[in-house]
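Scroll down for the structure; my scribbles are underneath it.
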Amino acid sequence: MNFIDVSADKVEDGWTLRSAGADFRVSGKMFALAPGQKVVLGFRPADLQMQEPSAARTNVVAGIADLVEFHGNDALVTFVFAGCEIGALVKANGCPKPGDPVSFALEEGSIHLFDQATGLSLLKM
């Protein structure tokens, strides 16, 4: 699991989760959030969807591939985003090489949120 520290800001149609590297937008319907709350955003390496590097900064993690580890038909691509080491699981036949720019989209349904102070999940039951 990848983890990034963010803060929650209420916006008209949901929430913006602000990190050092980008913003993440969520409707917030699934999570119990409070304005200004310090949150840890989590997501699994397999939930990242590789895309062309672009200027988009919402629901995107991007960086330079540091390490590529092959695991049969898949490869784990490691890069730094917002000061955090991130791992993305991609198909081995189309993976980047170390030193290549990488960019991955993240869908709201793949996001997990935890209270930064307690570590408890913010998922509404």
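Just so we're on the same page: first chain in the structure tokens is A, next is B, and so on; residues restart at 1 for each chain, and ligands are numbered from 1 in the order they show up.
Every protein, DNA or RNA residue with an atom at most 6 Å from A:Ala92, where only C-alpha atoms count and chain neighbours fewer than 6 positions away do not, is listed here: Asn73, Asp74 and Ala75 of chain A.
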List the neighbours of A:Val90 out to 10 Å using only C-alpha atoms; skip same-chain residues closer than 4 positions along the sequence, and give me the result as number ranges by chain. A: 45-50, 68, 70-71, 73-77, 94-96
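Look at A:Arg44: the protein and nucleic acid residues within 8 Å of it, using only C-alpha atoms and passing over chain neighbours fewer than 4 places away, are Met1, Asn2, Leu48, Ala88 and Ser110 of chain A.
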Store the residues picked out above in a file with N, CA and C atoms, as a PDB file, in the first residue's frame.
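The resulting file, out-v5.pdb, is reproduced below:
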ATOM      1  N   MET A   1       0.861  -1.171   0.000  1.00  0.00           N
ATOM      2  CA  MET A   1       0.000   0.000   0.000  1.00  0.00           C
ATOM      3  C   MET A   1       0.903   1.228   0.000  1.00  0.00           C
ATOM      4  N   ASN A   2       0.514   2.225  -0.756  1.00  0.00           N
ATOM      5  CA  ASN A   2       1.194   3.512  -0.804  1.00  0.00           C
ATOM      6  C   ASN A   2       0.452   4.481   0.116  1.00  0.00           C
ATOM      7  N   LEU A  48      -3.202   1.860  -9.549  1.00  0.00           N
ATOM      8  CA  LEU A  48      -2.738   2.991 -10.352  1.00  0.00           C
ATOM      9  C   LEU A  48      -2.817   2.631 -11.835  1.00  0.00           C
ATOM     10  N   ALA A  88       4.013   1.291  -8.228  1.00  0.00           N
ATOM     11  CA  ALA A  88       2.905   1.068  -9.157  1.00  0.00           C
ATOM     12  C   ALA A  88       3.133  -0.253  -9.877  1.00  0.00           C
ATOM     13  N   SER A 110     -10.607   3.717  -5.545  1.00  0.00           N
ATOM     14  CA  SER A 110      -9.384   3.029  -5.107  1.00  0.00           C
ATOM     15  C   SER A 110      -8.704   3.726  -3.934  1.00  0.00           C
TER      16      SER A 110
END
Pairwise distance for atom CA of A:Leu67 and atom CA of A:Glu107, rounded to one decimal in Å: 24.0 Å
Could you list, with a cut-off of 12 Å and counting only C-alpha atoms, the residues of stretch 44-120 of chain A near stretch 12-19 of chain A, each shown with its nearest atom pair and the distance in Å rounded to one decimal, rows sorted by chain and ascending number, as CSV?
residue,atom,partner,partner_atom,distance
A:Arg57,CA,A:Ser19,CA,10.6
A:Thr58,CA,A:Thr16,CA,9.2
A:Asn59,CA,A:Leu17,CA,9.4
A:Val60,CA,A:Ser19,CA,11.2
A:Val61,CA,A:Ser19,CA,10.5
A:Phe81,CA,A:Ser19,CA,9.6
A:Ala82,CA,A:Ser19,CA,6.8
A:Gly83,CA,A:Ser19,CA,9.8
A:Cys84,CA,A:Ser19,CA,10.6
A:Glu108,CA,A:Trp15,CA,11.2
A:Ile111,CA,A:Leu17,CA,11.0
A:His112,CA,A:Leu17,CA,11.9
A:Leu113,CA,A:Leu17,CA,10.0
For stretch 7-11 of chain A, find every residue with an atom within 10 Å (counting only C-alpha atoms), except residues of its own chain fewer than 2 positions away, and show them as number ranges by chain. A: 5, 13-20, 23-28, 33-41, 116
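In this model, the gap between atom CA of A:Ile64 and atom CA of A:Val102 comes to 5.7 Å.
Atom pair atom CA of A:Ile4 / atom CA of A:Val80 has a distance of 10.9 Å (rounded to one decimal).
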Output as an MDAnalysis selection string all residues of stretch 27-87 of chain A that backbone DSSP marks as strand (DSSP E or B). chainID A and resid 31 38:43 49:51 58 60:71 74:81 84:87
Shortest interatomic distance to A:Lys124 - which of A:Asn93, A:Phe3, A:Ser54, A:Lys29, counting only C-alpha atoms: A:Lys29
Would you give me, as a JSON list (two decimals) with N, CA and C atoms, in the first residue's frame, the residues in stretch 11-117 of chain A that DSSP reads as helix (DSSP H, G or I)?
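And here is the file that came out, result_34.json:
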[["chain", "number", "residue", "atom", "x", "y", "z"],
["A", 45, "PRO", "N", -0.68, -0.47, -5.17],
["A", 45, "PRO", "CA", 0.09, -0.34, -6.42],
["A", 45, "PRO", "C", -0.68, -0.79, -7.66],
["A", 46, "ALA", "N", -1.51, -1.81, -7.54],
["A", 46, "ALA", "CA", -2.26, -2.33, -8.70],
["A", 46, "ALA", "C", -3.40, -1.42, -9.11],
["A", 47, "ASP", "N", -3.79, -0.46, -8.25],
["A", 47, "ASP", "CA", -4.91, 0.43, -8.56],
["A", 47, "ASP", "C", -4.50, 1.66, -9.36],
["A", 92, "ALA", "N", 4.50, -5.91, -17.56],
["A", 92, "ALA", "CA", 5.94, -5.91, -17.84],
["A", 92, "ALA", "C", 6.26, -5.54, -19.28],
["A", 93, "ASN", "N", 5.36, -5.88, -20.20],
["A", 93, "ASN", "CA", 5.68, -5.63, -21.61],
["A", 93, "ASN", "C", 5.58, -4.17, -22.03],
["A", 94, "GLY", "N", 5.08, -3.29, -21.19],
["A", 94, "GLY", "CA", 4.99, -1.89, -21.55],
["A", 94, "GLY", "C", 5.48, -0.97, -20.45],
["A", 108, "GLU", "N", -11.31, 7.46, -7.66],
["A", 108, "GLU", "CA", -11.81, 7.68, -6.29],
["A", 108, "GLU", "C", -12.11, 6.36, -5.57],
["A", 109, "GLY", "N", -12.65, 5.40, -6.28],
["A", 109, "GLY", "CA", -13.00, 4.12, -5.66],
["A", 109, "GLY", "C", -11.81, 3.33, -5.14],
["A", 110, "SER", "N", -10.61, 3.72, -5.55],
["A", 110, "SER", "CA", -9.38, 3.03, -5.11],
["A", 110, "SER", "C", -8.70, 3.73, -3.93]]
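Closest approach to A:Ser103 from the set A:Pro53, A:Gly119, A:Gly72, A:Gly87 is made by A:Pro53, with distances taken over only C-alpha atoms.
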Quick one: of A:Ala22, A:Phe79, A:Leu122, A:Met30, who's nearest to A:Lys97, counting only C-alpha atoms? A:Phe79
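Excluding A:Ala65 itself and any same-chain residue fewer than 4 positions from it, the protein and nucleic acid residues within 6 Å of it, counting only C-alpha atoms, are Thr78, Phe79, Pro98, Gly99 and Asp100 of chain A.
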